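J.: Data: structure-v7.tsv, TSV, C-alpha atoms.
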```
chain	number	residue	atom	x	y	z
A	1	MET	CA	102.79	125.89	63.72
A	2	LYS	CA	101.34	128.41	66.14
A	3	ASN	CA	102.53	132.00	65.80
A	4	ARG	CA	102.33	132.56	69.54
A	5	THR	CA	105.61	131.42	71.10
A	6	CYS	CA	106.94	131.79	74.60
A	7	THR	CA	109.56	130.47	76.93
A	8	ARG	CA	108.74	127.58	79.23
A	9	ARG	CA	108.63	129.96	82.19
A	10	GLU	CA	106.11	132.20	80.41
A	11	MET	CA	104.06	129.35	78.98
A	12	LEU	CA	103.60	127.27	82.11
A	13	ARG	CA	100.83	129.07	83.91
A	14	GLN	CA	100.47	129.04	87.66
A	15	GLY	CA	97.57	128.82	88.55
A	16	GLY	CA	88.49	109.33	88.23
A	17	ALA	CA	88.49	108.01	91.72
A	18	ALA	CA	91.92	107.85	93.30
A	19	LEU	CA	92.91	106.39	96.63
A	20	PHE	CA	95.57	108.02	98.82
A	21	LEU	CA	97.46	105.75	101.17
A	22	PRO	CA	100.03	107.70	103.23
A	23	ALA	CA	102.34	105.48	105.21
A	24	LEU	CA	103.00	107.65	108.25
A	25	LEU	CA	101.60	110.60	110.14
A	26	PRO	CA	103.55	113.86	110.39
A	27	GLY	CA	106.58	113.58	112.61
A	28	GLU	CA	106.57	109.79	112.78
A	29	ALA	CA	109.27	109.00	110.20
A	30	ALA	CA	113.01	109.22	110.20
A	31	MET	CA	115.27	108.67	107.20
A	32	ALA	CA	115.04	105.17	105.82
A	33	SER	CA	118.22	103.13	105.86
A	34	PRO	CA	119.70	101.83	102.59
A	35	GLN	CA	118.95	98.29	103.73
A	36	GLU	CA	115.24	99.07	103.44
A	37	GLY	CA	115.45	99.65	99.68
A	38	LYS	CA	113.63	96.56	98.46
A	39	SER	CA	111.68	96.26	95.23
A	40	THR	CA	108.28	95.42	96.75
A	41	LYS	CA	105.73	98.16	96.12
A	42	GLY	CA	105.16	100.28	99.19
A	43	LYS	CA	108.14	98.76	101.06
A	44	SER	CA	111.06	100.24	99.10
A	45	LEU	CA	112.83	103.54	99.68
A	46	ALA	CA	110.45	105.18	97.20
A	47	GLY	CA	107.54	103.51	98.96
A	48	ALA	CA	108.39	104.83	102.41
A	49	ALA	CA	105.79	107.56	101.89
A	50	GLY	CA	103.15	104.97	101.11
A	51	THR	CA	101.32	104.59	97.84
A	52	VAL	CA	98.86	106.61	95.82
A	53	ALA	CA	96.35	105.30	93.31
A	54	LEU	CA	95.80	107.06	90.02
A	55	ALA	CA	92.96	104.55	89.72
A	56	PRO	CA	92.04	101.44	91.70
A	57	ASP	CA	94.10	99.35	89.26
A	58	LEU	CA	97.02	101.80	88.93
A	59	VAL	CA	98.81	102.15	92.27
A	60	VAL	CA	102.32	103.62	92.54
A	61	ASN	CA	104.78	104.52	95.27
A	62	ARG	CA	104.44	108.13	96.41
A	63	MET	CA	107.88	109.22	95.22
A	64	GLY	CA	108.30	109.30	91.45
A	65	PHE	CA	110.96	110.50	89.05
A	66	GLY	CA	110.76	113.33	86.53
A	67	ALA	CA	112.75	112.55	83.39
A	68	MET	CA	113.25	116.10	82.09
A	69	ARG	CA	116.70	116.65	83.59
A	70	ILE	CA	118.37	113.68	81.88
A	71	LEU	CA	118.79	115.67	78.65
A	72	GLY	CA	121.14	118.22	77.14
A	73	VAL	CA	121.31	121.93	77.94
A	74	GLN	CA	117.86	123.58	78.06
A	75	GLU	CA	116.27	120.13	77.93
A	76	TRP	CA	117.33	119.90	74.29
A	77	GLY	CA	119.00	116.93	72.64
A	78	PRO	CA	120.72	113.96	74.26
A	79	PRO	CA	122.63	114.26	77.53
A	80	PRO	CA	126.44	114.52	77.49
A	81	ASP	CA	126.60	111.05	79.07
A	82	VAL	CA	123.95	108.83	77.49
A	83	ALA	CA	125.17	105.70	79.28
A	84	GLY	CA	125.07	107.57	82.59
A	85	ALA	CA	121.48	108.69	81.97
A	86	LYS	CA	120.40	105.12	81.33
A	87	LYS	CA	122.22	103.97	84.45
A	88	LEU	CA	120.37	106.63	86.46
A	89	LEU	CA	117.00	105.43	85.15
A	90	ARG	CA	117.81	101.86	86.13
A	91	ARG	CA	118.97	103.02	89.56
A	92	ALA	CA	115.62	104.77	90.08
A	93	LEU	CA	113.87	101.42	89.64
A	94	ASP	CA	116.32	99.76	92.03
A	95	LEU	CA	115.23	102.30	94.66
A	96	GLY	CA	111.58	101.38	94.17
A	97	VAL	CA	110.52	104.23	91.90
A	98	ASP	CA	107.63	102.88	89.84
A	99	PHE	CA	106.27	106.12	88.37
A	100	ILE	CA	108.29	108.00	85.75
A	101	ASP	CA	107.04	111.27	84.31
A	102	THR	CA	108.14	112.40	80.86
A	103	ALA	CA	106.83	114.22	77.76
A	104	ASP	CA	107.42	114.26	74.03
A	105	ALA	CA	108.59	117.88	74.41
A	106	TYR	CA	111.54	116.78	76.55
A	107	GLY	CA	114.41	116.61	74.12
A	108	PRO	CA	112.17	116.80	72.11
A	109	ASN	CA	111.45	113.04	72.04
A	110	VAL	CA	114.83	112.17	73.61
A	111	SER	CA	113.56	111.54	77.14
A	112	GLU	CA	111.05	108.95	75.95
A	113	GLU	CA	113.68	107.26	73.78
A	114	LEU	CA	116.15	107.08	76.69
A	115	ILE	CA	113.53	105.56	78.98
A	116	ALA	CA	112.76	102.82	76.46
A	117	ASP	CA	116.43	102.17	75.69
A	118	ALA	CA	117.24	101.87	79.40
A	119	LEU	CA	114.22	100.02	80.76
A	120	TYR	CA	112.43	98.10	78.00
A	121	PRO	CA	111.10	95.45	78.43
A	122	TYR	CA	109.49	97.22	81.37
A	123	PRO	CA	109.14	95.45	84.71
A	124	ALA	CA	105.66	94.68	85.97
A	125	GLY	CA	104.19	97.59	87.89
A	126	LEU	CA	106.20	100.37	86.26
A	127	VAL	CA	103.97	103.25	85.20
A	128	ILE	CA	105.26	105.70	82.62
A	129	GLY	CA	103.25	108.88	82.36
A	130	THR	CA	103.88	111.10	79.36
A	131	LYS	CA	102.41	114.31	78.00
A	132	GLY	CA	101.51	115.91	74.68
A	133	GLY	CA	100.46	119.39	73.67
A	134	ILE	CA	103.72	121.36	73.46
A	135	VAL	CA	106.15	121.68	70.55
A	136	ARG	CA	109.77	122.84	70.61
A	137	PRO	CA	110.80	124.88	67.56
A	138	SER	CA	114.14	125.71	69.26
A	139	PRO	CA	115.82	125.13	72.63
A	140	PRO	CA	114.33	128.13	74.47
A	141	GLU	CA	110.84	127.76	73.02
A	142	TRP	CA	107.94	125.84	74.54
A	143	VAL	CA	104.89	126.43	72.34
A	144	ALA	CA	101.43	125.16	73.15
A	145	ASP	CA	99.80	123.10	70.39
A	146	SER	CA	96.85	121.16	71.73
A	147	SER	CA	95.00	120.82	68.46
A	148	PRO	CA	93.35	117.43	67.99
A	149	LYS	CA	95.57	116.70	64.98
A	150	HIS	CA	98.75	117.38	66.91
A	151	LEU	CA	97.63	115.48	70.01
A	152	ARG	CA	96.88	112.39	67.92
A	153	GLU	CA	100.27	112.58	66.22
A	154	ALA	CA	101.99	113.21	69.55
A	155	CYS	CA	100.31	110.23	71.22
A	156	HIS	CA	101.22	107.92	68.34
A	157	GLY	CA	104.80	109.18	68.50
A	158	SER	CA	105.02	108.53	72.24
A	159	LEU	CA	103.62	105.03	71.81
A	160	ARG	CA	106.28	104.31	69.22
A	161	ARG	CA	109.20	105.76	71.17
A	162	LEU	CA	108.17	104.14	74.46
A	163	ARG	CA	107.47	100.83	72.66
A	164	LEU	CA	104.01	100.59	74.17
A	165	ASP	CA	100.63	99.54	72.84
A	166	ARG	CA	98.90	101.69	75.46
A	167	ILE	CA	100.12	104.56	77.64
A	168	ASP	CA	99.08	104.18	81.28
A	169	LEU	CA	98.82	107.92	81.94
A	170	TYR	CA	98.68	110.49	79.15
A	171	GLN	CA	98.43	114.11	80.21
A	172	LEU	CA	97.50	117.22	78.26
A	173	HIS	CA	100.75	119.16	78.67
A	174	ALA	CA	99.26	122.64	78.34
A	175	VAL	CA	96.05	124.41	77.49
A	176	ASP	CA	96.33	126.05	74.07
A	177	ASP	CA	94.65	129.46	73.95
A	178	ASP	CA	94.09	128.99	70.20
A	179	VAL	CA	92.21	125.69	70.61
A	180	PRO	CA	89.02	125.12	72.63
A	181	LEU	CA	89.91	122.97	75.61
A	182	ALA	CA	86.90	120.78	74.87
A	183	ASP	CA	88.44	119.91	71.49
A	184	SER	CA	91.73	118.90	73.11
A	185	ILE	CA	90.10	116.78	75.80
A	186	GLY	CA	87.72	115.31	73.26
A	187	GLU	CA	90.64	114.02	71.20
A	188	LEU	CA	92.22	112.42	74.28
A	189	ALA	CA	88.87	110.77	74.97
A	190	LYS	CA	88.87	109.33	71.44
A	191	LEU	CA	92.40	107.99	71.90
A	192	GLN	CA	91.31	106.45	75.18
A	193	ARG	CA	88.33	104.74	73.55
A	194	GLU	CA	90.69	103.40	70.89
A	195	GLY	CA	92.77	101.75	73.61
A	196	LYS	CA	95.86	103.94	73.14
A	197	ILE	CA	95.49	105.75	76.47
A	198	ARG	CA	94.59	104.04	79.73
A	199	TYR	CA	93.99	107.10	81.93
A	200	ILE	CA	93.92	110.84	81.25
A	201	GLY	CA	95.54	113.66	83.21
A	202	VAL	CA	95.96	117.41	82.72
A	203	SER	CA	98.84	119.78	83.33
A	204	ASN	CA	99.24	123.53	83.81
A	205	VAL	CA	95.52	124.12	84.25
A	206	THR	CA	93.24	126.36	86.28
A	207	ALA	CA	90.43	125.12	88.49
A	208	GLY	CA	87.92	126.10	85.81
A	209	GLU	CA	89.83	124.21	83.13
A	210	LEU	CA	90.02	121.15	85.34
A	211	ALA	CA	86.26	121.32	85.90
A	212	LEU	CA	85.63	121.47	82.16
A	213	ALA	CA	87.96	118.53	81.51
A	214	ARG	CA	86.28	116.50	84.26
A	215	SER	CA	82.87	117.15	82.71
A	216	MET	CA	84.10	115.22	79.65
A	217	VAL	CA	86.46	112.52	80.95
A	218	ASN	CA	87.67	110.91	84.15
A	219	VAL	CA	90.72	113.02	85.04
A	220	VAL	CA	93.00	111.05	87.37
A	221	SER	CA	95.89	113.50	87.77
A	222	VAL	CA	96.77	117.19	87.74
A	223	GLN	CA	100.37	118.26	87.17
A	224	ASN	CA	100.97	121.91	88.03
A	225	ARG	CA	103.89	123.91	89.33
A	226	TYR	CA	103.81	123.73	93.12
A	227	ASN	CA	106.49	123.95	95.78
A	228	VAL	CA	107.29	125.61	99.07
A	229	VAL	CA	107.42	129.08	97.48
A	230	THR	CA	105.11	128.70	94.45
A	231	ARG	CA	101.58	127.96	95.61
A	232	GLY	CA	99.38	129.40	92.90
A	233	SER	CA	97.68	126.01	92.58
A	234	GLU	CA	96.47	125.88	96.19
A	235	GLU	CA	92.83	125.89	95.08
A	236	LEU	CA	93.50	123.06	92.62
A	237	LEU	CA	95.25	121.03	95.30
A	238	GLY	CA	92.13	121.36	97.44
A	239	VAL	CA	89.97	120.13	94.58
A	240	CYS	CA	92.27	117.14	94.09
A	241	GLU	CA	92.11	116.25	97.79
A	242	ARG	CA	88.33	116.45	97.88
A	243	GLU	CA	87.76	114.63	94.60
A	244	GLY	CA	90.41	111.92	94.90
A	245	ILE	CA	92.65	113.18	92.09
A	246	VAL	CA	96.42	112.71	92.29
A	247	PHE	CA	98.37	115.99	92.34
A	248	ILE	CA	101.81	115.80	90.69
A	249	PRO	CA	103.80	118.93	91.63
A	250	HIS	CA	106.33	119.85	88.99
A	251	THR	CA	109.38	121.94	89.91
A	252	PRO	CA	109.04	120.54	93.45
A	253	LEU	CA	112.41	121.62	94.86
A	254	ALA	CA	112.18	125.41	94.37
A	255	ARG	CA	115.87	125.50	93.49
A	256	ARG	CA	115.63	128.77	91.56
A	257	ALA	CA	114.17	130.61	94.55
A	258	GLN	CA	116.91	129.24	96.77
A	259	ALA	CA	119.61	130.21	94.28
A	260	THR	CA	118.32	133.73	93.62
A	261	GLY	CA	117.31	134.60	97.17
A	262	THR	CA	113.69	135.29	96.27
A	263	HIS	CA	110.93	134.32	98.73
A	264	LYS	CA	113.66	134.52	101.33
A	265	GLU	CA	111.40	134.11	104.35
A	266	LYS	CA	110.18	130.71	103.19
A	267	THR	CA	113.53	129.49	101.84
A	268	ASP	CA	115.27	130.54	105.06
A	269	ALA	CA	112.66	128.64	107.09
A	270	LEU	CA	113.18	125.61	104.88
A	271	LEU	CA	116.94	125.86	105.37
A	272	ARG	CA	116.53	126.02	109.15
A	273	VAL	CA	114.40	122.87	109.14
A	274	ALA	CA	116.98	121.10	106.97
A	275	GLN	CA	119.84	122.13	109.25
A	276	GLN	CA	117.99	121.09	112.39
A	277	ARG	CA	117.15	117.72	110.84
A	278	GLY	CA	120.60	117.20	109.32
A	279	ILE	CA	119.11	116.75	105.86
A	280	SER	CA	119.47	118.62	102.57
A	281	THR	CA	117.18	121.48	101.60
A	282	ALA	CA	115.95	119.35	98.69
A	283	GLN	CA	114.91	116.64	101.14
A	284	ALA	CA	113.21	119.22	103.34
A	285	ALA	CA	111.32	120.59	100.31
A	286	LEU	CA	110.12	117.11	99.38
A	287	ALA	CA	109.18	116.33	102.98
A	288	TRP	CA	107.13	119.55	103.04
A	289	LEU	CA	105.20	118.40	99.96
A	290	LEU	CA	104.60	114.90	101.31
A	291	THR	CA	103.40	116.30	104.62
A	292	LYS	CA	101.28	118.98	102.98
A	293	SER	CA	98.84	116.58	101.32
A	294	PRO	CA	98.29	112.85	100.84
A	295	ALA	CA	97.30	113.66	97.24
A	296	MET	CA	100.91	114.61	96.42
A	297	LEU	CA	103.04	112.50	94.09
A	298	PRO	CA	106.38	114.37	93.86
A	299	ILE	CA	108.55	113.73	90.79
A	300	PRO	CA	111.94	115.33	91.51
A	301	GLY	CA	114.25	115.14	88.53
A	302	THR	CA	118.03	115.06	88.34
A	303	SER	CA	120.92	113.88	86.18
A	304	SER	CA	122.95	112.79	89.22
A	305	ILE	CA	122.64	109.37	90.84
A	306	GLY	CA	123.74	110.88	94.13
A	307	HIS	CA	120.93	113.42	94.02
A	308	LEU	CA	118.48	110.74	92.90
A	309	GLU	CA	119.29	108.63	95.96
A	310	GLU	CA	119.02	111.69	98.20
A	311	ASN	CA	115.64	112.65	96.76
A	312	VAL	CA	114.18	109.17	97.02
A	313	ALA	CA	115.36	108.85	100.62
A	314	ALA	CA	113.17	111.86	101.44
A	315	ALA	CA	110.13	109.61	100.99
A	316	ALA	CA	110.70	108.48	104.58
A	317	LEU	CA	110.51	112.00	106.01
A	318	ARG	CA	107.56	113.91	107.47
A	319	LEU	CA	107.68	117.36	108.97
A	320	THR	CA	106.12	118.05	112.36
A	321	PRO	CA	103.21	120.50	112.70
A	322	GLN	CA	105.67	122.96	114.23
A	323	GLU	CA	108.04	122.66	111.26
A	324	MET	CA	105.18	123.06	108.80
A	325	ALA	CA	104.00	126.18	110.62
A	326	SER	CA	107.50	127.66	110.61
A	327	ILE	CA	107.61	127.38	106.81
A	328	GLY	CA	104.02	128.54	106.40
```
With the file now loaded, output its structure as structure tokens.

T.:
Amino acid sequence: MKNRTCTRREMLRQGGAALFLPALLPGEAAMASPQEGKSTKGKSLAGAAGTVALAPDLVVNRMGFGAMRILGVQEWGPPPDVAGAKKLLRRALDLGVDFIDTADAYGPNVSEELIADALYPYPAGLVIGTKGGIVRPSPPEWVADSSPKHLREACHGSLRRLRLDRIDLYQLHAVDDDVPLADSIGELAKLQREGKIRYIGVSNVTAGELALARSMVNVVSVQNRYNVVTRGSEELLGVCEREGIVFIPHTPLARRAQATGTHKEKTDALLRVAQQRGISTAQAALAWLLTKSPAMLPIPGTSSIGHLEENVAAAALRLTPQEMASIG
């Protein structure tokens, strides 16, 4: 076990060909009606934003689901309503969500187990992306461990819990300062050659770390914190756009900033757009991301079916150039 521990907030640092297929230009979309929620890829509620390709043979709708919030307090242990969590996961698929993001650290292990319990055998076209490289000694602790030994054990554990022979997208959850990044990526490359990983992504990285990873493997996704108020990964987003890499923004709704009143100028501008549109601030935040870049694959998470439906409906929204400028 590493001696260096930190909270998730402290640990998560700010900081291949893919094909982007946006459905609509800014300002062209209104909210989709419930009747449009069919299961066909690209034509469901989740597909109203179009599709994005992690690889030519791995295309998903451009509104995913993050499965971190379906757990207990502090993302630790099972949720209070296990049956309700499984129902929510099945509802996500009904709405056309075909990309689910999870990690072995969520629970730990519980998120992956819930996904398998609720959805296995998986429908054709569902992509489950998981991550390894963080351990949870206790509820508040998120500790980087990207040693080759741990990554191999973590990948095998995820395969077992998800009941898969191969994981479509496996992401390095965090760079471990005690382990050379080349060693971590090298182990993922070995697992890929062994047929246990289909495609490799990285999370919580800098532009330099992404460049190093790409010198060793085909990196198809980057998952960093990014939202209307947290834009430390702007440079990385530009790299993803230029190089055809999917950008998966975690913490996409900026709820903490809205609740605490920080970054007030931007959150107030977001609120004004939401009020003028007659939509929620969460929907406005997701619309901002979708309009910001065709590389975006938002993965809003929730434990509420009502919020899930609200978030997925935002796939049909685009902000106008004037609205984008007002938010900045």

J.: Check the smallest atom-to-atom distance from each of A:Leu172, A:Val127, A:Val228, A:Ala55 to Ile185 (chain A) using all atoms listed in the file, then report the winner.

T.: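 Among A:Leu172, A:Val127, A:Val228, A:Ala55, it is A:Leu172 that comes nearest to Ile185 (chain A).
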
J.: With distances taken over all atoms listed in the file, which residue among A:Asn311, A:Thr130, A:Ser303, A:Thr206 lies nearest Gly72 (chain A)?

T.: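 Smallest separation from Gly72 (chain A) among the options: A:Ser303.
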
J.: Using only C-alpha atoms, give me every residue within 12 Å of (113.7, 107.0, 76.2) in file coordinates, as an MDAnalysis selection string.

T.: chainID A and resid 67:68 70:71 77:79 82:83 85:86 89:90 100:104 106:120 122 128 130 157:164

J.: Which neighbours of Arg91 (chain A) fall inside 12 Å, counting all atoms listed in the file, when residues of the same chain fewer than 2 positions from it are skipped, and could you give them as a PyMOL selection string?

T.: chain A and resi 37+39+45-46+65+84-89+93-98+118-119+303-309+312

J.: Restricted to C-alpha atoms, what would the selected residues look like written as a PDB file, in the frame of the given file?

T.:
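So again-v3.pdb came out as:
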```pdb
ATOM      1  CA  GLY A  37     115.450  99.650  99.680  1.00  0.00           C
ATOM      2  CA  SER A  39     111.680  96.260  95.230  1.00  0.00           C
ATOM      3  CA  LEU A  45     112.830 103.540  99.680  1.00  0.00           C
ATOM      4  CA  ALA A  46     110.450 105.180  97.200  1.00  0.00           C
ATOM      5  CA  PHE A  65     110.960 110.500  89.050  1.00  0.00           C
ATOM      6  CA  GLY A  84     125.070 107.570  82.590  1.00  0.00           C
ATOM      7  CA  ALA A  85     121.480 108.690  81.970  1.00  0.00           C
ATOM      8  CA  LYS A  86     120.400 105.120  81.330  1.00  0.00           C
ATOM      9  CA  LYS A  87     122.220 103.970  84.450  1.00  0.00           C
ATOM     10  CA  LEU A  88     120.370 106.630  86.460  1.00  0.00           C
ATOM     11  CA  LEU A  89     117.000 105.430  85.150  1.00  0.00           C
ATOM     12  CA  LEU A  93     113.870 101.420  89.640  1.00  0.00           C
ATOM     13  CA  ASP A  94     116.320  99.760  92.030  1.00  0.00           C
ATOM     14  CA  LEU A  95     115.230 102.300  94.660  1.00  0.00           C
ATOM     15  CA  GLY A  96     111.580 101.380  94.170  1.00  0.00           C
ATOM     16  CA  VAL A  97     110.520 104.230  91.900  1.00  0.00           C
ATOM     17  CA  ASP A  98     107.630 102.880  89.840  1.00  0.00           C
ATOM     18  CA  ALA A 118     117.240 101.870  79.400  1.00  0.00           C
ATOM     19  CA  LEU A 119     114.220 100.020  80.760  1.00  0.00           C
ATOM     20  CA  SER A 303     120.920 113.880  86.180  1.00  0.00           C
ATOM     21  CA  SER A 304     122.950 112.790  89.220  1.00  0.00           C
ATOM     22  CA  ILE A 305     122.640 109.370  90.840  1.00  0.00           C
ATOM     23  CA  GLY A 306     123.740 110.880  94.130  1.00  0.00           C
ATOM     24  CA  HIS A 307     120.930 113.420  94.020  1.00  0.00           C
ATOM     25  CA  LEU A 308     118.480 110.740  92.900  1.00  0.00           C
ATOM     26  CA  GLU A 309     119.290 108.630  95.960  1.00  0.00           C
ATOM     27  CA  VAL A 312     114.180 109.170  97.020  1.00  0.00           C
TER      28      VAL A 312
END
```

J.: Distance CA of Gly232 (chain A)-CA of Ala154 (chain A), one decimal place?

T.: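 Atom-to-atom, CA of Gly232 (chain A) and CA of Ala154 (chain A) are spaced 28.5 Å apart.
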
J.: Expressed in Å to a single decimal, how great is the separation between CA of Ile245 (chain A) and CA of Val220 (chain A)?

T.: 5.2 Å

J.: Do you have the CA of Ala254 (chain A)-CA of Trp142 (chain A) distance handy?

T.: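 Straight-line distance from CA of Ala254 (chain A) to CA of Trp142 (chain A) works out to 20.3 Å.
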
J.: Skip region 261-269 of chain A itself and residues of its chain fewer than 5 positions away, then list as a PDB file with C-alpha atoms, in the coordinates of the input all residues within 8 Å of it, counting only C-alpha atoms.

T.:
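What follows is the written file part08.pdb:
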```
ATOM      1  CA  VAL A 228     107.290 125.610  99.070  1.00  0.00           C
ATOM      2  CA  VAL A 229     107.420 129.080  97.480  1.00  0.00           C
ATOM      3  CA  SER A 326     107.500 127.660 110.610  1.00  0.00           C
ATOM      4  CA  ILE A 327     107.610 127.380 106.810  1.00  0.00           C
ATOM      5  CA  GLY A 328     104.020 128.540 106.400  1.00  0.00           C
TER       6      GLY A 328
END
```
